[in-house]
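**Student:** My file is work-v7.txt. It has compact mmCIF, C-alpha atoms and all ligand atoms:
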# COMPACT_ATOMS: atom_id res chain seq x y z
CA MET A 1 -18.12 -45.81 -50.28
CA LYS A 2 -15.70 -45.62 -47.39
CA THR A 3 -15.20 -48.51 -44.99
CA ILE A 4 -13.59 -48.02 -41.60
CA GLU A 5 -12.80 -51.06 -39.47
CA VAL A 6 -12.99 -50.79 -35.70
CA LYS A 7 -10.94 -53.40 -33.84
CA THR A 8 -12.53 -53.25 -30.41
CA GLY A 9 -13.26 -56.37 -28.28
CA ARG A 10 -16.13 -57.00 -30.70
CA PRO A 11 -14.85 -55.67 -34.04
CA TYR A 12 -17.20 -54.00 -36.52
CA ASN A 13 -17.27 -51.94 -39.69
CA ILE A 14 -18.42 -48.39 -40.31
CA TYR A 15 -19.69 -47.72 -43.85
CA ILE A 16 -20.02 -44.17 -45.16
CA GLU A 17 -22.04 -43.84 -48.33
CA HIS A 18 -24.64 -41.49 -49.80
CA GLY A 19 -28.06 -43.18 -49.81
CA ILE A 20 -26.85 -46.16 -47.75
CA ILE A 21 -30.01 -46.15 -45.60
CA LYS A 22 -31.95 -47.40 -48.62
CA SER A 23 -29.88 -50.58 -48.62
CA ALA A 24 -29.52 -50.83 -44.84
CA GLY A 25 -31.16 -54.29 -44.89
CA SER A 26 -28.36 -55.97 -46.81
CA TYR A 27 -25.68 -54.54 -44.49
CA VAL A 28 -27.63 -55.69 -41.46
CA ARG A 29 -28.22 -59.13 -43.02
CA ALA A 30 -24.48 -59.48 -43.60
CA VAL A 31 -23.89 -59.36 -39.83
CA SER A 32 -27.10 -60.85 -38.43
CA LYS A 33 -29.21 -63.97 -38.73
CA ALA A 34 -32.04 -62.28 -36.80
CA VAL A 35 -35.67 -63.04 -37.53
CA ARG A 36 -36.91 -59.72 -36.11
CA ALA A 37 -35.54 -56.20 -36.26
CA VAL A 38 -36.79 -53.28 -34.14
CA ILE A 39 -36.13 -49.80 -35.49
CA VAL A 40 -35.75 -47.31 -32.64
CA SER A 41 -36.21 -43.70 -33.72
CA ASP A 42 -37.51 -40.35 -32.48
CA SER A 43 -40.56 -38.33 -33.51
CA ASN A 44 -38.56 -36.09 -35.89
CA VAL A 45 -36.47 -38.74 -37.60
CA ALA A 46 -39.00 -41.56 -37.91
CA PRO A 47 -41.32 -39.70 -40.34
CA LEU A 48 -38.33 -38.80 -42.53
CA TYR A 49 -36.35 -42.02 -42.72
CA SER A 50 -37.92 -45.03 -41.00
CA GLU A 51 -39.99 -46.09 -44.02
CA ALA A 52 -36.91 -46.46 -46.23
CA VAL A 53 -35.00 -48.39 -43.57
CA GLU A 54 -37.98 -50.60 -42.76
CA ALA A 55 -38.61 -51.45 -46.43
CA SER A 56 -34.98 -52.36 -46.89
CA LEU A 57 -34.97 -54.59 -43.78
CA LYS A 58 -38.17 -56.29 -44.96
CA SER A 59 -36.66 -57.01 -48.35
CA GLU A 60 -33.95 -58.99 -46.55
CA GLY A 61 -36.57 -61.06 -44.73
CA PHE A 62 -36.56 -59.31 -41.34
CA GLU A 63 -39.89 -59.04 -39.52
CA THR A 64 -39.89 -55.38 -38.53
CA SER A 65 -41.46 -53.08 -35.98
CA VAL A 66 -40.78 -49.43 -35.14
CA PHE A 67 -40.49 -47.91 -31.68
CA VAL A 68 -40.81 -44.11 -31.73
CA PHE A 69 -40.22 -41.80 -28.75
CA GLU A 70 -40.67 -38.05 -28.53
CA ALA A 71 -37.52 -36.26 -29.72
CA GLY A 72 -35.28 -34.47 -27.24
CA GLU A 73 -32.62 -34.95 -24.57
CA GLU A 74 -35.40 -34.76 -21.91
CA ARG A 75 -36.55 -38.20 -23.08
CA LYS A 76 -33.12 -39.76 -22.61
CA ARG A 77 -34.38 -41.39 -19.43
CA LEU A 78 -34.88 -44.80 -17.91
CA SER A 79 -38.64 -44.30 -18.34
CA THR A 80 -38.17 -44.36 -22.14
CA ILE A 81 -35.95 -47.43 -21.88
CA GLU A 82 -38.68 -49.20 -19.93
CA LYS A 83 -41.17 -48.49 -22.72
CA MET A 84 -38.60 -49.83 -25.19
CA TYR A 85 -38.27 -53.06 -23.19
CA ASP A 86 -42.09 -53.40 -23.23
CA HIS A 87 -42.06 -53.01 -27.00
CA PHE A 88 -39.32 -55.66 -27.33
CA TYR A 89 -41.31 -58.02 -25.11
CA GLU A 90 -44.59 -57.48 -26.95
CA HIS A 91 -42.82 -58.14 -30.27
CA ASN A 92 -41.19 -61.35 -29.01
CA ILE A 93 -37.65 -60.10 -29.44
CA THR A 94 -35.16 -62.84 -28.62
CA ARG A 95 -31.46 -62.78 -27.92
CA THR A 96 -30.62 -63.40 -31.57
CA ASP A 97 -32.81 -60.56 -32.90
CA ILE A 98 -31.52 -57.07 -33.61
CA ILE A 99 -32.14 -53.42 -32.67
CA VAL A 100 -31.58 -50.69 -35.27
CA ALA A 101 -30.91 -47.20 -33.87
CA LEU A 102 -32.03 -44.64 -36.44
CA GLY A 103 -31.45 -41.06 -35.33
CA GLY A 104 -29.10 -38.76 -33.45
CA GLY A 105 -27.03 -39.34 -30.33
CA VAL A 106 -30.06 -39.51 -28.06
CA THR A 107 -31.52 -42.37 -30.10
CA GLY A 108 -28.20 -44.20 -30.44
CA ASP A 109 -27.33 -43.90 -26.75
CA MET A 110 -30.74 -45.18 -25.66
CA ALA A 111 -31.21 -47.93 -28.25
CA GLY A 112 -27.65 -49.09 -27.49
CA PHE A 113 -28.32 -49.18 -23.76
CA ALA A 114 -31.58 -51.07 -24.23
CA ALA A 115 -29.76 -53.53 -26.50
CA ALA A 116 -26.92 -53.92 -23.97
CA SER A 117 -29.33 -54.79 -21.19
CA TYR A 118 -32.38 -56.51 -22.70
CA LEU A 119 -32.02 -60.30 -22.21
CA ARG A 120 -28.49 -59.45 -20.99
CA GLY A 121 -27.48 -58.13 -24.36
CA ILE A 122 -28.59 -58.32 -27.97
CA ASP A 123 -27.00 -56.98 -31.16
CA PHE A 124 -27.62 -53.46 -32.37
CA VAL A 125 -26.90 -51.34 -35.42
CA GLN A 126 -26.21 -47.61 -35.51
CA ILE A 127 -27.66 -45.49 -38.32
CA PRO A 128 -26.70 -42.01 -37.13
CA THR A 129 -28.55 -39.07 -38.72
CA THR A 130 -26.97 -36.01 -37.06
CA LEU A 131 -23.43 -34.77 -37.76
CA LEU A 132 -22.64 -35.22 -34.07
CA SER A 133 -23.75 -38.83 -34.04
CA GLN A 134 -22.00 -39.56 -37.36
CA VAL A 135 -18.62 -38.19 -36.22
CA ASP A 136 -18.82 -39.01 -32.54
CA SER A 137 -21.55 -40.82 -30.61
CA SER A 138 -22.20 -43.76 -32.98
CA VAL A 139 -18.56 -44.84 -32.71
CA GLY A 140 -16.97 -46.24 -29.59
CA GLY A 141 -19.70 -48.16 -27.82
CA LYS A 142 -20.73 -45.77 -25.06
CA THR A 143 -24.46 -46.08 -24.44
CA GLY A 144 -26.70 -44.80 -21.69
CA VAL A 145 -29.28 -42.42 -20.28
CA ASP A 146 -29.42 -39.32 -18.07
CA LEU A 147 -30.56 -39.11 -14.46
CA PRO A 148 -32.12 -36.00 -12.91
CA GLY A 149 -28.71 -35.49 -11.24
CA GLY A 150 -26.67 -35.45 -14.44
CA LYS A 151 -26.11 -36.57 -18.01
CA ASN A 152 -25.08 -40.10 -18.99
CA LEU A 153 -24.86 -41.30 -15.40
CA VAL A 154 -26.27 -44.75 -16.21
CA GLY A 155 -24.95 -46.76 -19.12
CA ALA A 156 -22.88 -49.55 -20.56
CA PHE A 157 -20.07 -50.10 -23.02
CA TRP A 158 -21.76 -51.97 -25.86
CA GLN A 159 -20.36 -51.94 -29.39
CA PRO A 160 -22.70 -51.96 -32.40
CA VAL A 161 -22.37 -54.77 -34.95
CA VAL A 162 -22.26 -52.29 -37.82
CA VAL A 163 -22.54 -48.50 -38.31
CA LEU A 164 -24.17 -47.10 -41.47
CA ILE A 165 -23.47 -43.42 -42.10
CA ASP A 166 -25.54 -41.70 -44.78
CA PRO A 167 -24.37 -38.08 -45.25
CA ASP A 168 -27.56 -37.37 -47.26
CA THR A 169 -29.59 -37.46 -44.04
CA LEU A 170 -27.83 -34.25 -42.96
CA SER A 171 -29.78 -32.32 -45.61
CA THR A 172 -32.78 -32.20 -43.24
CA LEU A 173 -30.80 -31.43 -40.09
CA PRO A 174 -31.48 -28.00 -38.53
CA ARG A 175 -28.46 -25.65 -38.54
CA ARG A 176 -27.95 -25.56 -34.78
CA TYR A 177 -27.47 -29.32 -34.71
CA PHE A 178 -25.04 -29.09 -37.58
CA ASN A 179 -22.95 -26.75 -35.40
CA ASP A 180 -23.01 -29.32 -32.62
CA GLY A 181 -21.20 -31.73 -34.88
CA MET A 182 -18.84 -29.05 -36.18
CA GLY A 183 -17.69 -28.33 -32.62
CA GLU A 184 -16.53 -31.95 -32.35
CA VAL A 185 -15.01 -31.92 -35.85
CA ILE A 186 -12.93 -28.84 -34.96
CA LYS A 187 -11.93 -30.66 -31.77
CA TYR A 188 -10.63 -33.66 -33.78
CA GLY A 189 -8.55 -31.31 -35.93
CA CYS A 190 -7.11 -29.63 -32.85
CA ILE A 191 -6.11 -32.80 -31.02
CA LYS A 192 -5.02 -35.11 -33.83
CA SER A 193 -5.13 -33.73 -37.35
CA PRO A 194 -3.43 -30.59 -38.63
CA GLY A 195 -4.58 -31.75 -42.09
CA LEU A 196 -8.27 -31.75 -41.13
CA PHE A 197 -7.90 -28.43 -39.33
CA GLY A 198 -6.20 -26.92 -42.37
CA ARG A 199 -8.95 -28.10 -44.71
CA LEU A 200 -11.61 -26.59 -42.43
CA GLU A 201 -9.69 -23.31 -42.74
CA THR A 202 -9.25 -23.31 -46.50
CA GLU A 203 -12.36 -25.13 -47.72
CA ASN A 204 -16.04 -25.10 -46.91
CA ALA A 205 -17.09 -27.91 -44.53
CA GLU A 206 -20.31 -28.59 -46.42
CA ASP A 207 -18.36 -29.19 -49.65
CA ILE A 208 -16.10 -31.79 -48.06
CA LEU A 209 -18.55 -33.48 -45.69
CA ASP A 210 -17.64 -37.05 -46.61
CA ASP A 211 -13.95 -36.43 -45.95
CA ILE A 212 -14.73 -34.64 -42.70
CA ILE A 213 -16.89 -37.50 -41.49
CA SER A 214 -14.42 -40.23 -42.43
CA GLU A 215 -11.41 -38.37 -41.00
CA SER A 216 -13.27 -37.65 -37.75
CA VAL A 217 -14.51 -41.23 -37.44
CA SER A 218 -10.98 -42.56 -38.10
CA ILE A 219 -9.56 -40.38 -35.36
CA LYS A 220 -12.20 -41.49 -32.87
CA ARG A 221 -11.69 -45.12 -33.95
CA ASP A 222 -7.92 -44.90 -33.33
CA VAL A 223 -8.41 -43.43 -29.88
CA VAL A 224 -11.15 -45.89 -28.91
CA GLU A 225 -9.14 -48.90 -30.11
CA HIS A 226 -6.32 -47.91 -27.75
CA ASP A 227 -8.59 -47.26 -24.80
CA GLU A 228 -11.97 -48.93 -25.24
CA ARG A 229 -12.99 -48.53 -21.58
CA ASP A 230 -11.96 -44.89 -21.21
CA THR A 231 -9.24 -45.33 -18.61
CA GLY A 232 -6.50 -43.31 -20.29
CA GLU A 233 -5.92 -41.95 -23.78
CA ARG A 234 -9.65 -41.66 -24.58
CA ALA A 235 -9.63 -38.59 -22.31
CA ILE A 236 -8.10 -36.55 -25.15
CA LEU A 237 -11.54 -36.61 -26.82
CA ASN A 238 -12.59 -34.30 -24.01
CA PHE A 239 -10.48 -31.41 -25.31
CA GLY A 240 -12.56 -28.26 -24.74
CA HIS A 241 -15.19 -30.24 -22.84
CA THR A 242 -14.40 -29.31 -19.23
CA PHE A 243 -14.84 -25.60 -19.96
CA GLY A 244 -17.58 -26.53 -22.44
CA HIS A 245 -19.63 -28.39 -19.84
CA ALA A 246 -19.11 -25.48 -17.43
CA LEU A 247 -20.43 -23.06 -20.08
CA GLU A 248 -23.45 -25.26 -20.77
CA LYS A 249 -24.16 -25.40 -17.02
CA LEU A 250 -23.80 -21.61 -16.60
CA HIS A 251 -26.19 -21.08 -19.52
CA GLY A 252 -28.71 -23.39 -17.85
CA TYR A 253 -28.39 -25.81 -20.79
CA SER A 254 -30.13 -23.46 -23.20
CA GLY A 255 -28.87 -20.73 -25.50
CA ILE A 256 -25.59 -22.50 -26.24
CA SER A 257 -25.40 -25.96 -27.79
CA HIS A 258 -22.96 -28.65 -26.68
CA GLY A 259 -20.80 -28.30 -29.79
CA GLU A 260 -20.72 -24.52 -29.52
CA ALA A 261 -19.77 -24.74 -25.84
CA VAL A 262 -16.99 -27.24 -26.60
CA ALA A 263 -15.58 -25.05 -29.37
CA LEU A 264 -15.68 -21.94 -27.19
CA GLY A 265 -14.17 -23.91 -24.31
CA ALA A 266 -11.34 -25.02 -26.60
CA LEU A 267 -10.69 -21.42 -27.60
CA MET A 268 -10.65 -20.09 -24.03
CA LEU A 269 -8.42 -22.89 -22.78
CA THR A 270 -5.96 -22.50 -25.64
CA ARG A 271 -5.70 -18.75 -25.09
CA ILE A 272 -4.55 -19.46 -21.54
CA THR A 273 -2.12 -22.27 -22.39
CA GLU A 274 -0.69 -20.10 -25.17
CA GLU A 275 -0.11 -17.23 -22.74
CA LYS A 276 1.65 -19.68 -20.44
CA GLY A 277 3.95 -20.81 -23.22
CA ILE A 278 2.48 -24.34 -23.31
CA THR A 279 0.90 -23.94 -26.75
CA GLU A 280 2.55 -22.68 -29.93
CA PRO A 281 1.89 -18.94 -30.45
CA GLY A 282 -0.88 -18.21 -32.96
CA THR A 283 -2.86 -21.38 -32.22
CA SER A 284 -5.78 -19.69 -30.44
CA GLU A 285 -6.00 -17.12 -33.24
CA ARG A 286 -6.44 -19.97 -35.74
CA ILE A 287 -9.17 -21.55 -33.58
CA LEU A 288 -10.87 -18.14 -33.27
CA SER A 289 -10.88 -17.67 -37.07
CA LEU A 290 -12.40 -21.12 -37.55
CA LEU A 291 -15.15 -20.47 -35.01
CA LYS A 292 -16.00 -17.22 -36.80
CA LYS A 293 -16.01 -18.97 -40.16
CA TYR A 294 -18.50 -21.59 -38.95
CA ASP A 295 -20.77 -19.15 -37.07
CA MET A 296 -19.85 -20.41 -33.62
CA PRO A 297 -19.89 -18.12 -30.56
CA THR A 298 -16.44 -16.66 -29.81
CA GLU A 299 -17.17 -14.95 -26.51
CA THR A 300 -19.25 -15.36 -23.39
CA LYS A 301 -20.70 -13.04 -20.78
CA PHE A 302 -19.31 -15.28 -18.04
CA THR A 303 -15.92 -14.57 -16.50
CA LEU A 304 -13.13 -17.08 -16.40
CA SER A 305 -13.44 -17.41 -12.63
CA GLN A 306 -17.14 -18.24 -12.99
CA ILE A 307 -16.27 -20.86 -15.61
CA VAL A 308 -13.48 -22.37 -13.50
CA ASP A 309 -15.82 -22.43 -10.52
CA ALA A 310 -18.44 -24.23 -12.60
CA THR A 311 -15.95 -27.00 -13.51
CA ARG A 312 -16.20 -28.33 -9.94
CA GLY A 313 -18.18 -31.53 -9.92
CA ASP A 314 -17.29 -32.26 -13.55
CA LYS A 315 -17.81 -35.94 -14.34
CA LYS A 316 -14.20 -36.15 -15.53
CA SER A 317 -12.81 -35.27 -12.13
CA SER A 318 -11.06 -38.09 -10.35
CA GLY A 319 -9.46 -38.05 -6.93
CA LYS A 320 -8.63 -34.49 -6.09
CA GLY A 321 -7.94 -33.25 -9.59
CA LEU A 322 -9.37 -32.46 -12.99
CA SER A 323 -7.81 -33.68 -16.23
CA PHE A 324 -7.43 -31.00 -18.89
CA ILE A 325 -6.34 -31.60 -22.45
CA PHE A 326 -3.79 -29.05 -23.64
CA LEU A 327 -2.54 -28.48 -27.17
CA SER A 328 1.18 -28.18 -27.87
CA GLU A 329 0.18 -27.11 -31.36
CA ILE A 330 -2.68 -27.84 -33.77
CA GLY A 331 -2.81 -31.65 -34.08
CA THR A 332 -0.80 -32.46 -30.94
CA CYS A 333 -2.23 -32.66 -27.44
CA PHE A 334 -1.51 -34.08 -24.03
CA ILE A 335 -3.34 -34.76 -20.77
CA ASN A 336 -2.60 -32.54 -17.79
CA LYS A 337 -4.09 -33.10 -14.36
CA ILE A 338 -4.60 -30.06 -12.15
CA GLY A 339 -5.44 -30.34 -8.43
CA THR A 340 -8.84 -28.91 -7.55
CA ASP A 341 -7.19 -26.51 -5.10
CA LYS A 342 -4.84 -25.25 -7.86
CA LEU A 343 -7.51 -24.54 -10.52
CA VAL A 344 -8.09 -20.87 -9.71
CA ASP A 345 -4.36 -20.23 -9.45
CA PHE A 346 -3.64 -21.96 -12.72
CA PHE A 347 -6.35 -20.35 -14.81
CA CYS A 348 -7.14 -17.02 -13.19
CA ALA A 349 -3.96 -15.66 -11.59
CA ASP A 350 -2.47 -12.82 -13.69
CA ASN A 351 -5.18 -13.33 -16.22
CA PRO A 352 -7.24 -10.27 -17.06
CA MET A 353 -10.05 -12.52 -18.36
CA GLY A 354 -10.38 -13.94 -14.85
CA GLN A 355 -11.56 -10.64 -13.31
P1 LIG A 401 -30.44 -35.75 -30.89
O1 LIG A 401 -30.40 -37.21 -31.09
O2 LIG A 401 -31.42 -35.23 -29.91
O3 LIG A 401 -30.68 -35.05 -32.30
C1 LIG A 401 -30.78 -33.64 -32.36
C2 LIG A 401 -32.12 -33.22 -32.98
O4 LIG A 401 -32.07 -33.43 -34.39
C3 LIG A 401 -33.33 -33.98 -32.48
O5 LIG A 401 -34.41 -33.08 -32.40
C4 LIG A 401 -33.58 -35.00 -33.59
O6 LIG A 401 -34.93 -35.38 -33.65
C5 LIG A 401 -33.18 -34.21 -34.80
N1 LIG A 401 -32.70 -34.98 -35.95
C6 LIG A 401 -31.82 -36.00 -35.94
N2 LIG A 401 -31.48 -36.35 -37.18
C7 LIG A 401 -32.17 -35.54 -38.01
C8 LIG A 401 -32.22 -35.39 -39.42
N3 LIG A 401 -31.44 -36.12 -40.22
N4 LIG A 401 -33.07 -34.48 -39.94
C9 LIG A 401 -33.81 -33.69 -39.12
N5 LIG A 401 -33.78 -33.75 -37.78
C10 LIG A 401 -32.96 -34.66 -37.23
O7 LIG A 401 -29.02 -35.20 -30.43
P2 LIG A 401 -27.53 -35.33 -31.02
O8 LIG A 401 -27.04 -33.94 -31.05
O9 LIG A 401 -27.45 -36.14 -32.24
O10 LIG A 401 -26.80 -36.13 -29.87
C11 LIG A 401 -26.69 -35.65 -28.57
C12 LIG A 401 -26.64 -36.79 -27.60
O11 LIG A 401 -25.53 -37.61 -27.92
C13 LIG A 401 -26.49 -36.38 -26.16
O12 LIG A 401 -27.43 -37.08 -25.38
C14 LIG A 401 -25.08 -36.83 -25.81
O13 LIG A 401 -24.95 -37.18 -24.45
C15 LIG A 401 -24.87 -37.99 -26.72
N6 LIG A 401 -23.48 -38.28 -27.03
C16 LIG A 401 -23.04 -39.56 -26.87
C17 LIG A 401 -21.73 -39.90 -27.18
C18 LIG A 401 -21.28 -41.32 -27.06
O14 LIG A 401 -20.08 -41.58 -27.18
N7 LIG A 401 -22.18 -42.24 -26.85
C19 LIG A 401 -20.85 -38.91 -27.66
C20 LIG A 401 -21.32 -37.63 -27.83
C21 LIG A 401 -22.63 -37.31 -27.50
MG MG A 402 -18.92 -33.89 -26.89
Just dump the structure as structure tokens.
**Tutor:**
Amino acid sequence: MKTIEVKTGRPYNIYIEHGIIKSAGSYVRAVSKAVRAVIVSDSNVAPLYSEAVEASLKSEGFETSVFVFEAGEERKRLSTIEKMYDHFYEHNITRTDIIVALGGGVTGDMAGFAAASYLRGIDFVQIPTTLLSQVDSSVGGKTGVDLPGGKNLVGAFWQPVVVLIDPDTLSTLPRRYFNDGMGEVIKYGCIKSPGLFGRLETENAEDILDDIISESVSIKRDVVEHDERDTGERAILNFGHTFGHALEKLHGYSGISHGEAVALGALMLTRITEEKGITEPGTSERILSLLKKYDMPTETKFTLSQIVDATRGDKKSSGKGLSFIFLSEIGTCFINKIGTDKLVDFFCADNPMGQ
């Protein structure tokens, strides 16, 4: 068992252990005096894991109920949150009761947001079941939903009271979602950990999953502790994301997953910064080899100018510029703001890929 402490405004622990969902109840009891617990899960995850979690909660004396919504990002909407509130109301959930998010990032983001807002805030637990949610979304306290105009436009910072990571749940996860998580894992290696990056190169990710999860979570924890409200350093977690979001947009949000787009974005960006002498020579070649090794896309039909054009309107833009994260070398990064009017010049001038 690995324990990672997160010292945010409301501190909490992250436990990583095979089979931990079967004893979820005792971990929840250790942090909560609640009478009732609501498990929030989606239509794919609930049939697989909710029974085990519910039984364990019951054995610790919690009165349980399960709220299930149809799986998919399309359901990450206020309309689902409203149904969740109705469920909480019908089950007499009070301010001292607890919500248990059991599922991927969509479940965690929504259950967290409902917990942050119902009765002005009740406790919640994260039990992430995708690699992406285990290494990324369950840590850091960002919760929310999408609007028709864009992703994650409504939300709240609300930290869980405990996070239970069970790597065994990944055995049922479809491959494409595994890649989503790997894109973020590769990102962590690039920005903060030459050691993690090196192990991804020399070993097989699936053989060292526990280490990958705990190293990734520790990196995210460190960054979040320094910048809980995302006003500075937390931006480095967006390495590869500005180009990644542009690629997702150009693909019409199908055909390339978020993690794949982030990894490809990281590769394309690093090729450019390497050519400009910002990044140590050979870095993009190492990223390319890793993407090939983990079956990630390494090229796109879109040109660099199309991608740069599609970065306009990125959520991370502020004032008149866009913040990009550049690598100096594997494991070291920095934030660089580029004026919107300078983007084409910076990325496409003298660059054959920009044609
Ligand atoms: P998801 O929750 O939709 O899960 C992906 C798919 O896998 C779903 O179909 C789900 O039903 C299924 N699934 C989940 N666990 C499974 C398991 N163990 N076995 C079989 N199937 C399983 O999506 P995700 O990729 O986990 O998360 C993406 C979401 O996370 C996005 O909405 C994104 O905005 C959000 N996110 C949030 C943060 C944050 O800091 N809050 C960070 C990154 C991403
Ligand atoms: Mg991401």
**Student:** Interatomic distance between atom CA of A:Thr300 and atom CA of A:Asp345?
**Tutor:** 21.0 Å
**Student:** So which one's closest to A:Phe346, A:Lys58, A:Lys33, A:Lys293, A:Lys276? Using all atoms listed in the file, please.
**Tutor:**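 When distances to A:Phe346 are compared using all atoms listed in the file, the smallest one comes from A:Lys276.
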**Student:** Can you work out which one of A:Glu184, A:Glu90, A:Asp210, A:Asp227 has the shortest atom-to-atom distance to A:Gly244, counting only C-alpha atoms?
**Tutor:**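 Looking at the shortest contact to A:Gly244, the residue is A:Glu184.
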**Student:** Could you check how far atom CA of A:His18 sits from atom CA of A:Thr169, in Å to one decimal?
**Tutor:**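 Result for atom CA of A:His18 versus atom CA of A:Thr169: 8.6 Å, one decimal.
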**Student:** Around ligand LIG 401 (chain A), which protein and nucleic acid residues have at least one atom no more than 7 Å from it, if we count all atoms listed in the file? List them as an MDAnalysis selection string.
**Tutor:** chainID A and resid 42:45 71:73 76 103:107 109 129:133 136:143 151:152 169:174 177 180
**Student:** How many Å lie between atom CA of A:Thr242 and atom CA of A:Ala263, rounded to one decimal?
**Tutor:** 11.1 Å
**Student:** Counting all atoms listed in the file, what are the residues, protein, DNA or RNA alike, that approach ligand MG 402 (chain A) to within 7 Å? I want them as a list of chain:residue names.
**Tutor:** A:Glu184, A:Asn238, A:His241, A:His258, A:Gly259, A:Val262
**Student:** What does the file look like for those residues with C-alpha atoms, as a PDB file, in the frame of the given file?
**Tutor:**
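Dumped to selection_3.pdb:
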ATOM      1  CA  GLU A 184     -16.530 -31.950 -32.350  1.00  0.00           C
ATOM      2  CA  ASN A 238     -12.590 -34.300 -24.010  1.00  0.00           C
ATOM      3  CA  HIS A 241     -15.190 -30.240 -22.840  1.00  0.00           C
ATOM      4  CA  HIS A 258     -22.960 -28.650 -26.680  1.00  0.00           C
ATOM      5  CA  GLY A 259     -20.800 -28.300 -29.790  1.00  0.00           C
ATOM      6  CA  VAL A 262     -16.990 -27.240 -26.600  1.00  0.00           C
TER       7      VAL A 262
END
**Student:** Write out as a ChimeraX atom specification the residues lying within 8 Å of A:Met296, counting only C-alpha atoms and excluding same-chain residues fewer than 4 positions away.
**Tutor:** /A:179,260,263-264,291-292
**Student:** I'd like the neighbourhood of A:Ser193 as a PDB file with C-alpha atoms, keeping the file's coordinate frame, where a residue qualifies if any of its atoms comes within 8 Å (using only C-alpha atoms), though same-chain residues fewer than 5 positions away should be ignored.
**Tutor:**
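File written: part.pdb
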ATOM      1  CA  TYR A 188     -10.630 -33.660 -33.780  1.00  0.00           C
ATOM      2  CA  ILE A 330      -2.680 -27.840 -33.770  1.00  0.00           C
ATOM      3  CA  GLY A 331      -2.810 -31.650 -34.080  1.00  0.00           C
ATOM      4  CA  THR A 332      -0.800 -32.460 -30.940  1.00  0.00           C
TER       5      THR A 332
END
**Student:** Counting all atoms listed in the file, note down every residue that has an atom within 9 Å of the point (-40.7, -48.4, -29.3) (file coordinates), as a list in words.
**Tutor:** Val38, Ile39, Val40, Ser41, Ser65, Val66, Phe67, Val68, Phe69, Thr80, Ile81, Lys83, Met84, Tyr85, Asp86, His87 and Phe88 of chain A
**Student:** Within 10 Å of (-21.7, -58.3, -42.2), in the coordinates the file gives, what residues turn up when you count all atoms listed in the file, written out as an MDAnalysis selection string?
**Tutor:** chainID A and resid 12:13 26:32 161:162
**Student:** Export C-alpha atoms of the chosen residues as a compact mmCIF listing (two decimals), in the coordinates of the input?
**Tutor:**
# COMPACT_ATOMS: atom_id res chain seq x y z
CA TYR A 12 -17.20 -54.00 -36.52
CA ASN A 13 -17.27 -51.94 -39.69
CA SER A 26 -28.36 -55.97 -46.81
CA TYR A 27 -25.68 -54.54 -44.49
CA VAL A 28 -27.63 -55.69 -41.46
CA ARG A 29 -28.22 -59.13 -43.02
CA ALA A 30 -24.48 -59.48 -43.60
CA VAL A 31 -23.89 -59.36 -39.83
CA SER A 32 -27.10 -60.85 -38.43
CA VAL A 161 -22.37 -54.77 -34.95
CA VAL A 162 -22.26 -52.29 -37.82
**Student:** Could you check the closest approach to A:Pro297 for each of A:Cys190, A:Leu267, A:Leu57, A:Leu343 and tell me which residue wins, using only C-alpha atoms?
**Tutor:**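 Looking at the shortest contact to A:Pro297, the residue is A:Leu267.
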**Student:** Using only C-alpha atoms, find the one residue out of A:Ile4, A:Val185, A:Ile99, A:Val344 that sits nearest to A:Tyr294.
**Tutor:** A:Val185
**Student:** Which polymer residues have any atom within 7 Å of an atom of A:Val163, counting all atoms listed in the file, with same-chain residues fewer than 3 positions away left out, as a PyMOL selection string?
**Tutor:** chain A and resi 13-15+125-127+160
